[in-house]
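First up is the structure itself, then whatever we jot down about it.
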Amino acid sequence: MNAVTQNADIRYLGRLLGDVIRAYGGQALFDRIETIRAASVDRHRGLAAADSAEQHLQALDLDETLSFVRGFMLFSMLANLAEDRQRNAEGGAEDLAGALASLAAEGVRAEEVSQLLEQSLIAPVLTAHPTEVMRKSMLDHRSRIAALMSLRDGGAAETPDGDVIEQALLRQIALLWQTRPLRREKMQVRDEVEITLAYLRDVFMPVLPQLYARWDRLLPRRAATFLRLGSWIGGDRDGNPNVGAESLRYALSAAARTLLASYLQQLHALGKELSVSTDLARVSEPVLALAEASGDDYAGRGDEPYRRALLAVHARLAASYEAITGQAPPRAARAPAAAYDSPQQLRADLVALARSLAEHGGKLLSTGGALGRLIRQVEAFGFHLATVDLRQNSDVHARVVAELLRVAGAEADYAALDEQARVALLRRELASQRPLFSPFSQYSAETQSELAIAREAAAAHARYGAACITAWIISKCESVSDMLEVNLLLKEAGLYSAADPAAAAIMVVPLFETIGDLERAPQIMGAWLSLPEVRAAAERRGHQEVMVGYSDSNKDGGYLTSVWSLHQATRALEAVFAQAGIGMQIFHGRGGSVGRGGGPSFAAIRAQPAGTVQGRIRITEQGEVIAAKYGTREAAHANLESIASATLLASLSRRRAPDADTERFAAALEQLSAQAFGSYRSLVYGDPGFRTFFRQMTPLSEIATLNIGSRPASRTRTDRIEDLRAIPWVFSWAQSRVMLPGWYGTGQALGAFADQGLLREMASAWPFFRAQLDNMEMVLAKSDLAIARRYLTLVEDPALGSHYFDLIESGWKATHDAVLAITGQSRLLEKNPQLDASIRLRLPYVEPLNLLQVELLRRHRAGEQDPRIAEGIKLSISAVATALRNSG
């Protein structure tokens, strides 16, 4: 398959894919696919009629349709890989070196950066949100192709195993062609754990110490271990009945087994490397003591204390492996030893070895090397690998607490109490040593499940250390009592002590999601931090975290109101925390698409309000974003460094707009947000006819049949948009090429704004506003209302369909025209040629997929039972999502 593009890798991989299709599908299939591709490309160049490709599509039978969709999907997958490689190779100002240079130009010294990092936390948090449509097997082949392309870049003709590079690439693409792209079974929580663990093991574990080694060379002293990993897999129970205590136990134990086995392997390798002899070098006393503790009496190692010391470390870690996992270690110790009580003890022994090498080995042995990388891993990963968050809906907590109080005789009707009475009652219970739970009473399955989670968290703390679980997140948090309820559940498991509330082992984290919740967040947090026991815990911890949700706030109020409400909420929270004298940590719940808070992380972090980052930030990474950002070590390296550098710039940069400009800009955005909110709410929630239009025009119900996650698509069994999760809402609009959540309402507000000159000034001088315009521009460029009109034919009532589509079309044109006018462009992405080229490359491949999808949906909904139709719909959904990239 040929591709007209400046990226040579895309042309090369496209040619190899064409060879594979010809070899396995035959020349006739290749010719059909190539004819449709050429016709679609010519149409987009204005060289062919609008229906030229469609005529050829109609000639495909169902088997050919499935092969065609797979071919276009694989081309998009390979094109994504090629573009990611190009972007990573180009690097740029989004690395730490660039950030340090920028800060130095502002007068910020490198020592100030090091000081900030001592108190910093930057944590990407991997979630199981179902937006990745590809099977892991497909992604694994993609990673192997990336590795082979890296060898090719280096001039290698053969792999280390002796295979010719191009033949190895053809083999991997052939395997891709013959690999089933879609899952046949519903994904289970254990599947999600294993997929995530593969990224942690194969990418994050080796990449983090490499990054730190580079950063250590840039900074005046060794950097603090500020970049760590988080995960929701196994702990996120919000709306997912499949997650419970067993899931949490499995997620943590699987990660620990993987991590500790790696540590043991690295220790064994170090033993081979550190052959230093006391006949030729001095060795410090702590290392000699470790060597003696090994009990190793082999004469051939008598003069090699580092090797003997590593045997002692290995023996203790092997004992830790057995104590923590309940299994024999993969490499048995030579002699029994006491297990390490904590990863800090292991680190201390490793540091003793490193210091001795540095003190007695001169500068040549003072660098990190394999020992330094292992120390970094122990610091970053402990014995748990990734910190698992617990999450549940506040309604569940309220029901569980109500039952505990009722059965204990403490309060007969907790639900009937007002907020003040609830807070008073909960604080009294938290101040009492008496548990509420009785093993002699009967409780609902829901209550037993939540208590089991709390107990499992306590057991995990004892097994892996307190860093394995540090936060319990409350979805739909609306009050102080919502947070106190979680402390009460933690108290039942011994994780909150009435005698020492400041020592709370797990932090309660509110998640503010809707527009109303975000507006109330500062008041709620002010009240929360005013409680003496809460304040004491936050002071001892050094911070309090608040999570803000991008997805539901967008579905609730539209794109512009969502991002503005989040901006204003974090600004107001910063003032509340500053007044309380408590450090603030914001956890950004972002999705992959712009409609769920997506877009470039670097720009998003840099656009945060002044004073709100403070060197501490956590960000969710989910679905297709994980594969895109962290599918290869090179991609992970670039993206992690981008997040780190953006956080430093957002925390330390002294470039600020004058206060007068900030106030003017904020007043304008407030006005724009109000109008955009009204337009969006009127369309989406104005009358019940819209939900019928939405469900019929988009492949929403068909998306629900994809086995891409363990969590249900809706929170309840109603058809209300309010109850639909944000992911299928955004995903459906992307498939139909409307992309409505990423722009609707904004154009009406921008077009009606009286001072257009002020909007242009804001776009030039205000990073926040510029970032939102950039995101909308990308979404508009990926949308196609001519294609969307094809989906309109699926709406059963033509009058209903025309009514709503006319509103959408008018809003799209208003947004399109406003973005061009404000940014001074004659067409979308005129000033972003790289992104423009990327999207233009994809459009000829997406359009035929959309046209086939509409026809397959029509036949499916008409009752045709051929299983190839349902398979084709699922394949087309996967293919469109792959081509559009951040669409879920």
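Starting from 1 in every chain, residues are counted up; chains themselves are A, B, ... following the order of the structure tokens, and ligands are numbered from 1 as listed.
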Run DSSP on the backbone of this structure and report the residues of segment 240-462 of chain A it assigns to alpha helix (DSSP H), as a ChimeraX atom specification. /A:245-273,285-293,305-325,343-360,369-381,394-408,419-430,445-462
Would you mind listing, for every residue of segment 463-555 of chain A within 8 Å of segment 401-413 of chain A, the two atoms forming the shortest contact and the distance between them in Å to one decimal, using only C-alpha atoms, sorted by chain and ascending residue number, as CSV?
```
residue,atom,partner,partner_atom,distance
A:Glu485,CA,A:Val401,CA,6.5
A:Leu488,CA,A:Val401,CA,7.8
A:Leu489,CA,A:Val401,CA,7.6
```
Keeping C-alpha atoms, export the residues of the selection given above as a CSV table (one decimal), in the first residue's frame.
```
chain,number,residue,atom,x,y,z
A,485,GLU,CA,-17.3,8.2,55.5
A,488,LEU,CA,-14.7,5.5,58.9
A,489,LEU,CA,-14.3,2.6,56.5
```
Please identify every residue of segment 185-270 of chain A that has at least one atom no farther than 9 Å from an atom of segment 308-331 of chain A, counting only C-alpha atoms, and for each give the shortest atom pair and the distance in Å to one decimal, arranged by chain then increasing number, as a Markdown table.
```
| residue | atom | partner | partner_atom | distance |
| --- | --- | --- | --- | --- |
| A:Ser253 | CA | A:Thr325 | CA | 6.3 |
| A:Ala254 | CA | A:Thr325 | CA | 8.5 |
| A:Ala256 | CA | A:Thr325 | CA | 7.3 |
| A:Arg257 | CA | A:Thr325 | CA | 6.4 |
| A:Leu260 | CA | A:Tyr321 | CA | 6.3 |
| A:Ala261 | CA | A:Pro330 | CA | 6.7 |
| A:Tyr263 | CA | A:Leu317 | CA | 8.3 |
| A:Leu264 | CA | A:His314 | CA | 6.4 |
| A:Gln265 | CA | A:Arg331 | CA | 7.9 |
| A:Leu267 | CA | A:His314 | CA | 6.4 |
| A:His268 | CA | A:His314 | CA | 7.6 |
| A:Leu270 | CA | A:Leu310 | CA | 7.7 |
```
In segment 574-725 of chain A, what's strand (DSSP E or B) per DSSP? Answer as a count of residues only? 15
Counting only C-alpha atoms, what is within 10 Å of Ala527 of chain A, bar same-chain residues fewer than 3 positions away, as number ranges by chain? A: 479-480, 521-524, 530-531, 576
Per-residue nearest contacts of segment 522-573 of chain A to segment 497-506 of chain A (12 Å; only C-alpha atoms) as JSON lines:
```
{"residue": "A:Leu531", "atom": "CA", "partner": "A:Pro501", "partner_atom": "CA", "distance": 11.2}
{"residue": "A:Pro532", "atom": "CA", "partner": "A:Ala502", "partner_atom": "CA", "distance": 9.3}
{"residue": "A:Glu533", "atom": "CA", "partner": "A:Pro501", "partner_atom": "CA", "distance": 5.8}
{"residue": "A:Val534", "atom": "CA", "partner": "A:Ala502", "partner_atom": "CA", "distance": 7.1}
{"residue": "A:Arg535", "atom": "CA", "partner": "A:Ala502", "partner_atom": "CA", "distance": 7.9}
{"residue": "A:Ala536", "atom": "CA", "partner": "A:Ala502", "partner_atom": "CA", "distance": 4.9}
{"residue": "A:Ala537", "atom": "CA", "partner": "A:Ala502", "partner_atom": "CA", "distance": 3.7}
{"residue": "A:Ala538", "atom": "CA", "partner": "A:Ala502", "partner_atom": "CA", "distance": 7.4}
{"residue": "A:Glu539", "atom": "CA", "partner": "A:Ala502", "partner_atom": "CA", "distance": 8.1}
{"residue": "A:Arg540", "atom": "CA", "partner": "A:Ala502", "partner_atom": "CA", "distance": 6.6}
{"residue": "A:Arg541", "atom": "CA", "partner": "A:Ala502", "partner_atom": "CA", "distance": 8.4}
{"residue": "A:Gly542", "atom": "CA", "partner": "A:Ala502", "partner_atom": "CA", "distance": 11.1}
{"residue": "A:Gln544", "atom": "CA", "partner": "A:Ile506", "partner_atom": "CA", "distance": 11.2}
{"residue": "A:Glu545", "atom": "CA", "partner": "A:Ile506", "partner_atom": "CA", "distance": 11.4}
```
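The nearest approach to Thr815 of chain A among the residues A:Leu740, A:Leu835, A:Leu518, A:Leu841, with only C-alpha atoms taken into account, belongs to A:Leu740.
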Wanna dump the segment 738-849 of chain A-segment 48-52 of chain A contacts at 12 Å for me, each residue with its shortest atom pair and the distance in Å to one decimal, counting only C-alpha atoms, ordered by chain and number, as CSV?
```
residue,atom,partner,partner_atom,distance
A:Ala786,CA,A:Ala50,CA,10.6
A:Ile787,CA,A:Ala50,CA,11.3
A:Pro844,CA,A:Ala50,CA,11.7
A:Glu847,CA,A:Ala50,CA,11.1
A:Pro848,CA,A:Asp51,CA,10.5
```
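Minimum atom-to-atom distance to Ala765 of chain A, evaluated using only C-alpha atoms, belongs to A:Ala657 out of A:Glu796, A:Ala657, A:Leu47, A:Asp806.
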Show me, as a PyMOL selection string, the residues that have an atom within 9 Å of segment 679-695 of chain A when counting only C-alpha atoms, minus same-chain residues fewer than 3 positions from it. chain A and resi 555-559+674-676+698-701+719-722+732-733+744-746+748-749+792+795-797+800-801+804+807-808
Measuring between only C-alpha atoms, which one of A:Leu227, A:Ala457, A:Leu218, A:Ile36 shows the shortest distance to Leu117 of chain A? A:Leu227
Would you kindly return, as a PyMOL selection string, each protein, DNA or RNA residue with an atom no farther than 9 Å from any atom of segment 63-65 of chain A, considering only C-alpha atoms and excluding same-chain residues fewer than 2 positions away? chain A and resi 29+32+57+60-61+67-70+852+868+872
With N, CA, C and O atoms kept, could you save the residues just selected as a PDB file, in the first residue's frame?
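Done, and the output landed in part01.pdb:
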```pdb
ATOM      1  N   LEU A  29      -7.378  -9.245  -4.381  1.00  0.00           N
ATOM      2  CA  LEU A  29      -7.710  -8.452  -3.193  1.00  0.00           C
ATOM      3  C   LEU A  29      -6.836  -7.225  -3.107  1.00  0.00           C
ATOM      4  O   LEU A  29      -7.321  -6.112  -2.835  1.00  0.00           O
ATOM      5  N   ARG A  32      -8.101  -4.613  -5.514  1.00  0.00           N
ATOM      6  CA  ARG A  32      -9.330  -3.953  -5.056  1.00  0.00           C
ATOM      7  C   ARG A  32      -9.025  -2.910  -3.979  1.00  0.00           C
ATOM      8  O   ARG A  32      -9.523  -1.786  -4.017  1.00  0.00           O
ATOM      9  N   LEU A  57     -16.400   0.466  -3.276  1.00  0.00           N
ATOM     10  CA  LEU A  57     -16.770  -0.128  -1.991  1.00  0.00           C
ATOM     11  C   LEU A  57     -18.031  -0.978  -2.116  1.00  0.00           C
ATOM     12  O   LEU A  57     -18.140  -2.047  -1.504  1.00  0.00           O
ATOM     13  N   LEU A  60     -17.665  -4.677  -3.116  1.00  0.00           N
ATOM     14  CA  LEU A  60     -17.039  -5.652  -2.216  1.00  0.00           C
ATOM     15  C   LEU A  60     -18.088  -6.594  -1.639  1.00  0.00           C
ATOM     16  O   LEU A  60     -19.163  -6.149  -1.198  1.00  0.00           O
ATOM     17  N   ASP A  61     -17.783  -7.899  -1.601  1.00  0.00           N
ATOM     18  CA  ASP A  61     -18.655  -8.794  -0.841  1.00  0.00           C
ATOM     19  C   ASP A  61     -18.230  -8.744   0.629  1.00  0.00           C
ATOM     20  O   ASP A  61     -17.258  -8.061   0.990  1.00  0.00           O
ATOM     21  N   SER A  67     -11.616  -8.040   4.844  1.00  0.00           N
ATOM     22  CA  SER A  67     -10.198  -7.940   4.503  1.00  0.00           C
ATOM     23  C   SER A  67      -9.799  -6.493   4.223  1.00  0.00           C
ATOM     24  O   SER A  67      -8.722  -6.046   4.626  1.00  0.00           O
ATOM     25  N   PHE A  68     -10.672  -5.775   3.539  1.00  0.00           N
ATOM     26  CA  PHE A  68     -10.394  -4.369   3.253  1.00  0.00           C
ATOM     27  C   PHE A  68     -10.256  -3.565   4.548  1.00  0.00           C
ATOM     28  O   PHE A  68      -9.303  -2.781   4.712  1.00  0.00           O
ATOM     29  N   VAL A  69     -11.177  -3.743   5.470  1.00  0.00           N
ATOM     30  CA  VAL A  69     -11.139  -2.993   6.728  1.00  0.00           C
ATOM     31  C   VAL A  69      -9.871  -3.337   7.499  1.00  0.00           C
ATOM     32  O   VAL A  69      -9.199  -2.445   8.050  1.00  0.00           O
ATOM     33  N   ARG A  70      -9.497  -4.605   7.518  1.00  0.00           N
ATOM     34  CA  ARG A  70      -8.264  -4.990   8.214  1.00  0.00           C
ATOM     35  C   ARG A  70      -7.053  -4.333   7.576  1.00  0.00           C
ATOM     36  O   ARG A  70      -6.137  -3.871   8.262  1.00  0.00           O
ATOM     37  N   LEU A 852     -18.343   2.247   4.780  1.00  0.00           N
ATOM     38  CA  LEU A 852     -18.657   0.835   5.002  1.00  0.00           C
ATOM     39  C   LEU A 852     -19.381   0.633   6.327  1.00  0.00           C
ATOM     40  O   LEU A 852     -20.318  -0.165   6.420  1.00  0.00           O
ATOM     41  N   ARG A 868     -20.898 -12.027   9.718  1.00  0.00           N
ATOM     42  CA  ARG A 868     -19.861 -11.189   9.130  1.00  0.00           C
ATOM     43  C   ARG A 868     -20.228  -9.707   9.189  1.00  0.00           C
ATOM     44  O   ARG A 868     -19.340  -8.849   9.187  1.00  0.00           O
ATOM     45  N   GLY A 872     -17.892  -7.098  10.875  1.00  0.00           N
ATOM     46  CA  GLY A 872     -17.444  -5.947  10.108  1.00  0.00           C
ATOM     47  C   GLY A 872     -17.658  -4.638  10.833  1.00  0.00           C
ATOM     48  O   GLY A 872     -16.824  -3.724  10.748  1.00  0.00           O
TER      49      GLY A 872
END
```
Near-segment 78-92 of chain A list (9 Å; only C-alpha atoms; drop same-chain fewer than 5 positions) as a VMD selection string: chain A and resid 7 to 11 13 to 14 17 73 98 142 to 143 145 to 146 150 628 to 629 634 to 635 637 to 639 838 841 to 842 882 to 883 885
Closest of A:Ala471, A:Leu374, A:Val423, A:Ile839 to Val207 of chain A, counting only C-alpha atoms, is A:Leu374
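Atom pair atom CA of Pro767 of chain A / atom CA of Leu511 of chain A: separated by 25.4 Å.
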